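Peer 1: Contents are compact mmCIF, C-alpha atoms and all ligand atoms; file name structure_12.txt:
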# COMPACT_ATOMS: atom_id res chain seq x y z
CA MET A 27 -20.06 58.93 -48.33
CA GLN A 28 -19.67 55.41 -47.00
CA THR A 29 -21.12 54.77 -43.56
CA ALA A 30 -21.48 50.98 -43.63
CA LYS A 31 -18.95 48.89 -41.75
CA ILE A 32 -17.07 46.29 -43.75
CA LEU A 33 -17.55 42.56 -43.24
CA ASP A 34 -13.93 41.70 -43.92
CA GLY A 35 -13.81 38.24 -45.48
CA LYS A 36 -10.16 38.55 -46.37
CA ALA A 37 -9.07 39.11 -42.77
CA LEU A 38 -11.32 36.36 -41.42
CA SER A 39 -10.12 33.94 -44.08
CA ALA A 40 -6.50 34.62 -43.04
CA LYS A 41 -7.41 34.00 -39.39
CA ILE A 42 -9.17 30.71 -40.23
CA GLN A 43 -6.21 29.58 -42.34
CA GLN A 44 -3.88 30.25 -39.42
CA GLU A 45 -6.11 28.20 -37.10
CA LEU A 46 -6.25 25.33 -39.59
CA SER A 47 -2.49 25.35 -39.96
CA THR A 48 -2.11 25.04 -36.17
CA ALA A 49 -4.69 22.23 -36.01
CA ILE A 50 -2.87 20.31 -38.74
CA THR A 51 0.52 20.66 -37.00
CA LYS A 52 -0.99 19.25 -33.81
CA VAL A 53 -2.23 15.95 -35.27
CA GLN A 54 0.05 15.41 -38.24
CA SER A 55 2.42 13.02 -36.49
CA GLN A 56 -0.48 11.02 -35.06
CA ILE A 57 -2.09 10.59 -38.49
CA GLY A 58 1.25 10.18 -40.21
CA ARG A 59 0.56 12.51 -43.14
CA SER A 60 -0.75 15.94 -44.12
CA PRO A 61 -4.34 16.47 -45.23
CA GLY A 62 -4.93 16.11 -48.99
CA LEU A 63 -7.24 17.86 -51.41
CA ALA A 64 -7.73 16.72 -55.00
CA VAL A 65 -8.97 19.34 -57.45
CA LEU A 66 -10.28 18.06 -60.77
CA MET A 67 -10.31 20.54 -63.58
CA VAL A 68 -11.29 19.89 -67.18
CA GLY A 69 -10.30 22.20 -70.03
CA ASP A 70 -8.64 25.58 -69.90
CA ASN A 71 -11.31 28.07 -68.86
CA PRO A 72 -9.12 30.97 -67.62
CA ALA A 73 -11.46 31.90 -64.72
CA SER A 74 -11.54 28.28 -63.51
CA ALA A 75 -7.77 28.01 -63.85
CA ALA A 76 -7.35 31.16 -61.73
CA TYR A 77 -9.70 29.78 -59.04
CA VAL A 78 -7.86 26.45 -59.01
CA ARG A 79 -4.49 28.20 -58.68
CA GLY A 80 -5.87 30.24 -55.77
CA LYS A 81 -7.12 27.10 -54.02
CA GLU A 82 -3.81 25.32 -54.55
CA ARG A 83 -1.87 28.27 -53.16
CA ALA A 84 -4.12 28.41 -50.09
CA CYS A 85 -3.65 24.66 -49.52
CA GLN A 86 0.10 25.07 -49.61
CA LYS A 87 -0.05 27.92 -47.11
CA VAL A 88 -1.88 25.92 -44.45
CA GLY A 89 -0.10 22.61 -45.04
CA ILE A 90 -2.63 20.70 -47.16
CA ASN A 91 -1.25 18.59 -50.02
CA SER A 92 -3.03 19.45 -53.21
CA PHE A 93 -3.37 16.81 -55.88
CA GLY A 94 -4.12 18.71 -59.07
CA ARG A 95 -5.89 16.59 -61.69
CA HIS A 96 -6.08 18.68 -64.83
CA PHE A 97 -7.65 17.05 -67.87
CA PRO A 98 -7.96 18.16 -71.51
CA THR A 99 -11.34 19.46 -72.73
CA ASN A 100 -12.15 16.27 -74.67
CA THR A 101 -11.88 13.98 -71.61
CA SER A 102 -14.81 11.56 -71.42
CA GLN A 103 -17.29 11.13 -68.59
CA ALA A 104 -16.01 7.58 -68.04
CA GLU A 105 -12.39 8.74 -67.64
CA LEU A 106 -13.42 11.31 -65.03
CA GLU A 107 -15.58 8.82 -63.18
CA ALA A 108 -12.63 6.42 -63.08
CA GLU A 109 -10.44 9.18 -61.66
CA ILE A 110 -13.01 9.96 -58.97
CA ALA A 111 -13.27 6.27 -58.09
CA ALA A 112 -9.47 6.16 -57.66
CA LEU A 113 -9.46 9.31 -55.52
CA ASN A 114 -12.28 7.90 -53.37
CA GLN A 115 -9.96 4.99 -52.55
CA ASP A 116 -6.80 7.07 -52.16
CA GLU A 117 -5.99 7.31 -48.45
CA ARG A 118 -3.90 10.46 -48.91
CA VAL A 119 -6.95 12.33 -50.17
CA ASP A 120 -9.46 13.78 -47.67
CA GLY A 121 -11.33 16.04 -50.06
CA ILE A 122 -12.31 15.91 -53.74
CA LEU A 123 -13.46 18.95 -55.64
CA VAL A 124 -14.69 19.18 -59.22
CA GLN A 125 -14.09 22.68 -60.54
CA LEU A 126 -17.29 23.85 -62.23
CA PRO A 127 -18.41 24.62 -64.87
CA LEU A 128 -17.41 21.57 -66.90
CA PRO A 129 -17.36 21.45 -70.71
CA ALA A 130 -20.87 20.92 -72.16
CA HIS A 131 -20.43 17.24 -73.12
CA LEU A 132 -19.93 16.26 -69.46
CA ASN A 133 -22.67 15.59 -66.91
CA SER A 134 -21.51 17.38 -63.77
CA VAL A 135 -24.41 16.17 -61.60
CA GLU A 136 -23.60 12.51 -62.38
CA LEU A 137 -19.97 13.18 -61.59
CA LEU A 138 -20.69 14.85 -58.26
CA HIS A 139 -22.81 11.82 -57.29
CA LYS A 140 -19.74 9.61 -57.67
CA ILE A 141 -17.73 11.44 -55.00
CA GLU A 142 -17.57 9.64 -51.67
CA PRO A 143 -19.81 11.82 -49.43
CA ASP A 144 -17.14 12.00 -46.68
CA LYS A 145 -14.73 13.51 -49.23
CA ASP A 146 -17.31 15.85 -50.78
CA VAL A 147 -15.70 19.08 -49.55
CA ASP A 148 -17.87 21.20 -51.84
CA GLY A 149 -20.97 19.84 -50.07
CA LEU A 150 -22.79 19.22 -53.35
CA HIS A 151 -23.42 15.47 -53.05
CA PRO A 152 -27.14 14.74 -52.53
CA LEU A 153 -26.37 13.06 -49.21
CA ASN A 154 -24.72 16.20 -47.83
CA LEU A 155 -27.44 18.43 -49.29
CA GLY A 156 -30.02 16.09 -47.71
CA LYS A 157 -28.29 16.39 -44.34
CA LEU A 158 -28.47 20.16 -44.66
CA VAL A 159 -32.22 19.96 -45.32
CA ARG A 160 -32.61 17.76 -42.24
CA GLY A 161 -30.36 19.99 -40.11
CA GLU A 162 -27.88 17.13 -39.54
CA ALA A 163 -24.11 17.60 -39.36
CA GLY A 164 -22.39 17.08 -42.71
CA LEU A 165 -20.11 18.78 -45.20
CA ARG A 166 -21.67 22.12 -46.16
CA SER A 167 -21.24 23.98 -49.47
CA CYS A 168 -18.35 26.38 -49.15
CA THR A 169 -19.81 29.69 -50.35
CA PRO A 170 -22.98 29.66 -48.20
CA ALA A 171 -20.96 28.29 -45.27
CA GLY A 172 -18.56 31.20 -45.79
CA VAL A 173 -21.42 33.70 -45.67
CA MET A 174 -22.70 32.17 -42.42
CA ARG A 175 -19.24 32.12 -40.82
CA LEU A 176 -18.67 35.78 -41.70
CA LEU A 177 -22.03 36.81 -40.20
CA GLU A 178 -21.20 34.80 -37.09
CA GLU A 179 -17.80 36.46 -36.73
CA TYR A 180 -19.43 39.88 -36.66
CA LYS A 181 -22.13 38.64 -34.26
CA ILE A 182 -24.94 39.51 -36.66
CA GLU A 183 -28.19 38.43 -35.03
CA LEU A 184 -30.24 36.19 -37.35
CA GLN A 185 -32.97 34.88 -35.12
CA GLY A 186 -36.35 36.35 -36.08
CA LYS A 187 -34.73 38.58 -38.70
CA GLN A 188 -36.05 38.98 -42.22
CA ALA A 189 -33.47 37.52 -44.64
CA VAL A 190 -33.77 37.86 -48.41
CA VAL A 191 -31.56 35.72 -50.64
CA VAL A 192 -31.54 36.81 -54.27
CA GLY A 193 -30.59 33.75 -56.36
CA ARG A 194 -31.66 30.12 -55.95
CA SER A 195 -28.78 28.08 -57.37
CA ILE A 196 -27.88 24.75 -55.82
CA LEU A 197 -24.36 26.14 -55.30
CA VAL A 198 -25.29 29.25 -53.33
CA GLY A 199 -28.88 30.48 -52.98
CA LYS A 200 -30.73 27.30 -51.96
CA PRO A 201 -28.23 25.99 -49.41
CA LEU A 202 -27.78 29.48 -47.97
CA ALA A 203 -31.56 29.87 -47.53
CA LEU A 204 -31.59 26.60 -45.56
CA MET A 205 -28.64 27.68 -43.42
CA LEU A 206 -30.34 30.99 -42.57
CA LEU A 207 -33.53 29.11 -41.76
CA GLU A 208 -31.54 26.81 -39.48
CA LYS A 209 -30.52 29.95 -37.55
CA ASN A 210 -34.17 30.96 -37.21
CA ALA A 211 -34.22 33.78 -39.74
CA THR A 212 -37.43 34.27 -41.75
CA VAL A 213 -36.21 33.60 -45.25
CA THR A 214 -37.44 34.78 -48.64
CA VAL A 215 -35.74 33.52 -51.79
CA ALA A 216 -36.02 35.72 -54.89
CA HIS A 217 -35.05 34.70 -58.43
CA SER A 218 -35.38 35.72 -62.06
CA ARG A 219 -39.16 35.14 -62.09
CA SER A 220 -39.84 37.10 -58.90
CA HIS A 221 -42.07 40.14 -59.34
CA ASP A 222 -40.98 43.47 -57.91
CA LEU A 223 -37.52 42.56 -56.66
CA GLU A 224 -37.13 46.02 -55.22
CA SER A 225 -40.05 45.63 -52.77
CA ILE A 226 -38.85 42.17 -51.76
CA CYS A 227 -35.33 43.43 -51.06
CA GLN A 228 -36.65 46.40 -49.09
CA THR A 229 -38.06 43.99 -46.47
CA ALA A 230 -34.62 42.54 -45.73
CA ASP A 231 -32.73 42.97 -42.48
CA ILE A 232 -30.17 40.70 -44.10
CA LEU A 233 -29.89 40.91 -47.87
CA VAL A 234 -27.75 38.47 -49.84
CA ALA A 235 -27.14 38.89 -53.56
CA ALA A 236 -26.03 35.74 -55.41
CA VAL A 237 -27.10 36.44 -58.96
CA GLY A 238 -24.22 37.22 -61.29
CA ILE A 239 -25.54 40.57 -62.53
CA ARG A 240 -23.25 43.50 -61.98
CA GLU A 241 -24.59 46.06 -59.47
CA LEU A 242 -28.17 44.74 -59.63
CA ILE A 243 -28.79 45.80 -56.03
CA THR A 244 -28.93 49.56 -55.67
CA ARG A 245 -29.50 51.94 -52.78
CA GLU A 246 -33.29 52.22 -53.25
CA MET A 247 -33.62 48.46 -52.76
CA VAL A 248 -31.92 48.40 -49.37
CA LYS A 249 -33.58 49.08 -46.04
CA PRO A 250 -31.56 51.56 -43.94
CA GLY A 251 -29.47 49.64 -41.42
CA ALA A 252 -29.57 46.35 -43.36
CA ILE A 253 -26.72 43.85 -43.51
CA VAL A 254 -25.74 43.39 -47.16
CA VAL A 255 -23.77 40.40 -48.38
CA ASP A 256 -22.52 40.40 -51.96
CA VAL A 257 -21.70 36.94 -53.29
CA GLY A 258 -21.55 38.01 -56.93
CA ILE A 259 -18.32 38.02 -58.89
CA ASN A 260 -18.51 39.74 -62.25
CA ARG A 261 -15.35 40.29 -64.23
CA ILE A 262 -15.21 43.53 -66.18
CA VAL A 263 -12.62 44.66 -68.67
CA ASP A 264 -12.02 48.36 -69.22
CA ALA A 265 -11.11 50.11 -72.48
CA ASP A 266 -7.39 49.52 -71.80
CA GLY A 267 -7.96 45.79 -71.39
CA ASN A 268 -7.49 45.80 -67.59
CA SER A 269 -9.83 43.42 -65.84
CA SER A 270 -11.32 43.79 -62.38
CA LEU A 271 -14.01 42.17 -60.24
CA ILE A 272 -17.28 43.77 -59.36
CA GLY A 273 -20.16 42.49 -57.26
CA ASP A 274 -23.94 42.19 -57.62
CA VAL A 275 -24.34 45.14 -55.25
CA HIS A 276 -23.73 48.78 -56.15
CA PHE A 277 -21.19 49.17 -53.36
CA GLU A 278 -20.86 52.92 -53.36
CA SER A 279 -24.55 53.79 -53.04
CA VAL A 280 -25.56 50.85 -50.84
CA SER A 281 -22.73 51.64 -48.40
CA ILE A 282 -24.54 54.86 -47.54
CA VAL A 283 -27.63 53.08 -46.19
CA ALA A 284 -26.44 49.65 -45.02
CA GLU A 285 -25.05 48.96 -41.55
CA TYR A 286 -22.64 46.31 -42.78
CA ILE A 287 -21.53 45.36 -46.27
CA THR A 288 -19.12 42.87 -47.85
CA PRO A 289 -16.64 44.20 -50.41
CA VAL A 290 -15.88 42.57 -53.78
CA PRO A 291 -13.15 41.44 -53.87
CA GLY A 292 -12.23 40.68 -50.26
CA GLY A 293 -15.61 39.49 -48.98
CA ILE A 294 -17.18 36.13 -49.76
CA GLY A 295 -14.51 35.01 -52.27
CA PRO A 296 -11.79 34.46 -49.63
CA MET A 297 -14.38 32.99 -47.23
CA THR A 298 -15.27 30.36 -49.83
CA VAL A 299 -11.63 29.27 -50.03
CA ALA A 300 -11.36 29.22 -46.22
CA MET A 301 -14.42 26.95 -45.97
CA LEU A 302 -12.99 24.60 -48.59
CA LEU A 303 -9.83 24.24 -46.54
CA GLN A 304 -11.87 23.85 -43.36
CA ASN A 305 -14.01 21.09 -44.87
CA THR A 306 -10.85 19.29 -46.02
CA VAL A 307 -9.26 19.57 -42.59
CA SER A 308 -12.43 18.46 -40.81
CA SER A 309 -12.63 15.35 -42.97
CA TYR A 310 -8.90 14.76 -42.23
CA LEU A 311 -9.43 15.22 -38.48
CA LYS A 312 -12.10 12.51 -38.59
CA LYS A 313 -9.18 10.10 -39.06
CA VAL A 314 -8.01 10.98 -35.55
CA GLU A 315 -11.48 10.18 -34.18
CA ILE A 316 -11.39 6.84 -36.00
CA MET A 317 -7.93 6.09 -34.55
CA GLU A 318 -8.98 6.94 -30.98
P1 LIG B 1 -26.37 30.90 -61.12
O1 LIG B 1 -26.29 31.51 -62.48
O2 LIG B 1 -26.35 29.43 -61.00
O3 LIG B 1 -27.68 31.44 -60.40
C1 LIG B 1 -28.07 32.76 -60.48
C2 LIG B 1 -29.37 32.96 -59.76
O4 LIG B 1 -29.74 34.32 -59.89
C3 LIG B 1 -30.52 32.12 -60.32
O5 LIG B 1 -31.27 31.56 -59.28
C4 LIG B 1 -31.34 33.13 -61.10
O6 LIG B 1 -32.72 32.86 -61.10
C5 LIG B 1 -31.09 34.39 -60.31
N1 LIG B 1 -31.31 35.57 -61.16
C6 LIG B 1 -30.88 35.81 -62.41
N2 LIG B 1 -31.28 37.01 -62.84
C7 LIG B 1 -32.00 37.56 -61.84
C8 LIG B 1 -32.69 38.77 -61.68
N3 LIG B 1 -32.71 39.70 -62.65
N4 LIG B 1 -33.32 39.00 -60.53
C9 LIG B 1 -33.32 38.09 -59.53
N5 LIG B 1 -32.66 36.90 -59.62
C10 LIG B 1 -32.02 36.65 -60.77
O7 LIG B 1 -25.19 31.58 -60.29
P2 LIG B 1 -24.46 31.11 -58.93
O8 LIG B 1 -25.45 30.98 -57.85
O9 LIG B 1 -23.54 30.00 -59.21
O10 LIG B 1 -23.56 32.41 -58.68
C11 LIG B 1 -24.14 33.67 -58.45
C12 LIG B 1 -23.04 34.71 -58.40
O11 LIG B 1 -22.16 34.40 -57.33
C13 LIG B 1 -22.15 34.74 -59.66
O12 LIG B 1 -21.72 36.08 -59.85
C14 LIG B 1 -20.96 33.89 -59.28
O13 LIG B 1 -19.79 34.25 -59.98
C15 LIG B 1 -20.83 34.22 -57.82
N6 LIG B 1 -20.20 33.19 -57.03
C16 LIG B 1 -19.27 33.62 -56.14
C17 LIG B 1 -18.62 32.73 -55.35
C18 LIG B 1 -17.63 33.25 -54.38
O14 LIG B 1 -16.75 32.52 -53.97
N7 LIG B 1 -17.76 34.51 -53.96
C19 LIG B 1 -18.85 31.29 -55.43
C20 LIG B 1 -19.94 30.94 -56.34
C21 LIG B 1 -20.56 31.87 -57.12
P3 LIG B 1 -33.36 31.56 -61.85
O15 LIG B 1 -33.10 30.42 -60.91
O16 LIG B 1 -34.79 31.91 -61.96
O17 LIG B 1 -32.64 31.42 -63.16
For the structure just supplied, provide its representation as structure tokens.

Peer 2:
Amino acid sequence: MQTAKILDGKALSAKIQQELSTAITKVQSQIGRSPGLAVLMVGDNPASAAYVRGKERACQKVGINSFGRHFPTNTSQAELEAEIAALNQDERVDGILVQLPLPAHLNSVELLHKIEPDKDVDGLHPLNLGKLVRGEAGLRSCTPAGVMRLLEEYKIELQGKQAVVVGRSILVGKPLALMLLEKNATVTVAHSRSHDLESICQTADILVAAVGIRELITREMVKPGAIVVDVGINRIVDADGNSSLIGDVHFESVSIVAEYITPVPGGIGPMTVAMLLQNTVSSYLKKVEIME
């Protein structure tokens, strides 16, 4: 029996997209063009291709031009760096995104460093990560920003609360821990070397799972009344070959004890896309500030 209320990322993402579309319409004639997002993809990883298609569709919906740059698997580091240099200079492009993971012969960190920080809509450039550490305004990574925006929408109090983030990746766990800290939560970060994950999770008023292990978080690990955010996306294929997505949280059992929970799909996935569009539009709107 589910008692937890749903943190509906899909609905909030739709609302944000509507707001962005209105904001774009307002300033488009002043700037003289639509916002632009360039998505670089290398190879033909089906999951990456699906994510890129989703991002391109969302761009189209809100009125952002998407410049797809799809390269074959054997593309060299130098070719990609040259493309990024060109996009950095391209005035039609407000945001540049490198779809990860890249094929093994490429150095993704080096590539991310080449993106102009003002166009780094994934918030992964060291300058933007450094601004996050310092609590300065800057482009924030989309998935953790999406988690924060969803919690804000539902007026979840963070100040003084015990937050546990399971996962410490540079893409999700680490930046999210800093964002929660910025909102005065007391933050614990757990990872694969943490001892007794269950006890750590049980302390959480706000529990975020960003691991990539299907249903790792079960009912016994969750404090009654906790807010549970599931970032994980695990693709499973059944005996008939049908694939579906499943989170890092055992939704059915955790829903009995949690106060709020995010579904998978329909939780943080759509929020990540919304934050990508928002970052692109905010870097586009800076042009108006420059013109004024
Ligand atoms: P990574 O693989 O980069 O990081 C996983 C983290 O989980 C690591 O810090 C790892 O610890 C930790 N971990 C692994 N096993 C355990 C364990 N048994 N107990 C505790 N911690 C563990 O993944 P990402 O951060 O990139 O992604 C995490 C999940 O979120 C994935 O399912 C991914 O698909 C999903 N995701 C979803 C997005 C969305 O839009 N909803 C966007 C991005 C990711 P250690 O550091 O010690 O190895």

Peer 1: Dump the neighbourhood of ligand LIG 1 (chain B) as a ChimeraX atom specification: all residues within 8 Å, distances computed on only C-alpha atoms and all ligand atoms.

Peer 2: /A:168-169,192-199,216-220,223,235-240,242,256-260,273-274,293-299

Peer 1: Find the residues around Lys87 (chain A) up to 9 Å (all atoms listed in the file counted), leave out those fewer than 6 positions away in its own chain, and share them as a VMD selection string.

Peer 2: chain A and resid 43 to 44 47

Peer 1: Between CA of Leu153 (chain A) and CA of Glu136 (chain A), measure the distance and give it in Å to one decimal.

Peer 2: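 Taking CA of Leu153 (chain A) as the start and CA of Glu136 (chain A) as the end point, the length is 13.5 Å.
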
Peer 1: Skipping near chain neighbours, those fewer than 2 positions away, what residues fall within 8 Å of Thr214 (chain A) using only C-alpha atoms, listed as number ranges by chain?

Peer 2: A: 188-191, 203, 212, 216

Peer 1: Give me, as a PyMOL selection string, all polymer residues having an atom no more than 7 Å from Arg261 (chain A), counting all atoms listed in the file and skipping those fewer than 2 positions away in the same chain.

Peer 2: chain A and resi 259+263+269-272

Peer 1: Excluding region 119-129 of chain A and any residue of its chain fewer than 2 positions from it, enumerate the residues within 8 Å of it, using all atoms listed in the file, and give them as a PyMOL selection string.

Peer 2: chain A and resi 61-69+74+78+99+110+113-114+116-117+131-134+138+141+144-148+305-307+309-310

Peer 1: I'd like the interatomic distance between CA of Thr101 (chain A) and CA of Pro152 (chain A), to a tenth of an Å.

Peer 2: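 Going from CA of Thr101 (chain A) over to CA of Pro152 (chain A) covers 24.4 Å.
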
Peer 1: With distances taken over all atoms listed in the file, which of A:Val314, A:Ile243, A:Phe277, A:Ser308 is nearest to Thr29 (chain A)?

Peer 2: A:Phe277

Peer 1: Kindly indicate which residue among A:Val255, A:Thr244, A:Lys249, A:Gln185 lies nearest to Leu202 (chain A), using only C-alpha atoms for the distances.

Peer 2: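 The answer is A:Val255, which sits nearest to Leu202 (chain A).
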
Peer 1: Choose the residue, out of A:Val254, A:Leu206, A:Ser102, A:Ala84, that has the smallest atom-to-atom separation from Ala40 (chain A); count all atoms listed in the file.

Peer 2: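 When distances to Ala40 (chain A) are compared using all atoms listed in the file, the smallest one comes from A:Ala84.
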
Peer 1: Of the candidates A:Leu184, A:Cys85, A:Ala30, A:Ala111, which one gets nearest to Ile232 (chain A) if we count only C-alpha atoms?

Peer 2: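 Checking each candidate against Ile232 (chain A), we get A:Leu184 as the closest.
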
Peer 1: Rank A:Leu158, A:Val53, A:Ala284, A:Asn71 by their smallest atom-to-atom distance to Lys312 (chain A), using all atoms listed in the file, and report the top residue only.

Peer 2: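 Under the stated criterion, the closest residue is A:Val53.
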
Peer 1: Which value, in Å to one decimal, gives the distance between CA of Arg160 (chain A) and CA of Ser39 (chain A)?

Peer 2: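 Rounded to one decimal, the two atoms are 27.8 Å apart.
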
Peer 1: Using all atoms listed in the file, find the one residue out of A:Val275, A:Leu33, A:Ala230, A:Ile316 that sits nearest to Gln56 (chain A).

Peer 2: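 Among A:Val275, A:Leu33, A:Ala230, A:Ile316, it is A:Ile316 that comes nearest to Gln56 (chain A).
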
Peer 1: Here's a test: counting only C-alpha atoms, identify every protein, DNA and RNA residue with an atom at most 7 Å from (-34.6, 34.8, -35.3) in the file's coordinate frame, and state them as a list of chain:residue names.

Peer 2: A:Leu184, A:Gln185, A:Gly186, A:Lys187, A:Lys209, A:Asn210, A:Ala211

Peer 1: Hey, could you patch up region 49-65 of chain A with N, CA and C atoms and hand it over as a tab-separated table (two decimals), in the frame of the given file?

Peer 2:
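Saved the output as selection_15.tsv:
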chain	number	residue	atom	x	y	z
A	49	ALA	N	-4.00	23.51	-36.27
A	49	ALA	CA	-4.69	22.23	-36.01
A	49	ALA	C	-3.99	21.08	-36.74
A	50	ILE	N	-3.54	21.36	-37.96
A	50	ILE	CA	-2.87	20.31	-38.74
A	50	ILE	C	-1.56	19.92	-38.05
A	51	THR	N	-0.78	20.92	-37.64
A	51	THR	CA	0.52	20.66	-37.00
A	51	THR	C	0.34	19.76	-35.78
A	52	LYS	N	-0.74	20.00	-35.04
A	52	LYS	CA	-0.99	19.25	-33.81
A	52	LYS	C	-1.16	17.75	-34.03
A	53	VAL	N	-1.86	17.37	-35.11
A	53	VAL	CA	-2.23	15.95	-35.27
A	53	VAL	C	-1.45	15.22	-36.36
A	54	GLN	N	-0.62	15.98	-37.08
A	54	GLN	CA	0.05	15.41	-38.24
A	54	GLN	C	0.85	14.14	-37.91
A	55	SER	N	1.57	14.18	-36.79
A	55	SER	CA	2.42	13.02	-36.49
A	55	SER	C	1.56	11.82	-36.09
A	56	GLN	N	0.42	12.11	-35.44
A	56	GLN	CA	-0.48	11.02	-35.06
A	56	GLN	C	-1.09	10.34	-36.29
A	57	ILE	N	-1.47	11.16	-37.28
A	57	ILE	CA	-2.09	10.59	-38.49
A	57	ILE	C	-1.02	10.07	-39.45
A	58	GLY	N	0.15	10.67	-39.39
A	58	GLY	CA	1.25	10.18	-40.21
A	58	GLY	C	1.31	10.79	-41.59
A	59	ARG	N	0.52	11.81	-41.84
A	59	ARG	CA	0.56	12.51	-43.14
A	59	ARG	C	-0.18	13.83	-43.02
A	60	SER	N	-0.01	14.67	-44.06
A	60	SER	CA	-0.75	15.94	-44.12
A	60	SER	C	-2.13	15.67	-44.71
A	61	PRO	N	-3.07	16.62	-44.52
A	61	PRO	CA	-4.34	16.47	-45.23
A	61	PRO	C	-4.12	16.58	-46.74
A	62	GLY	N	-5.06	16.04	-47.53
A	62	GLY	CA	-4.93	16.11	-48.99
A	62	GLY	C	-6.22	16.53	-49.66
A	63	LEU	N	-6.08	17.41	-50.63
A	63	LEU	CA	-7.24	17.86	-51.41
A	63	LEU	C	-6.96	17.64	-52.89
A	64	ALA	N	-7.87	16.93	-53.56
A	64	ALA	CA	-7.73	16.72	-55.00
A	64	ALA	C	-8.68	17.66	-55.73
A	65	VAL	N	-8.14	18.42	-56.66
A	65	VAL	CA	-8.97	19.34	-57.45
A	65	VAL	C	-8.97	18.88	-58.91
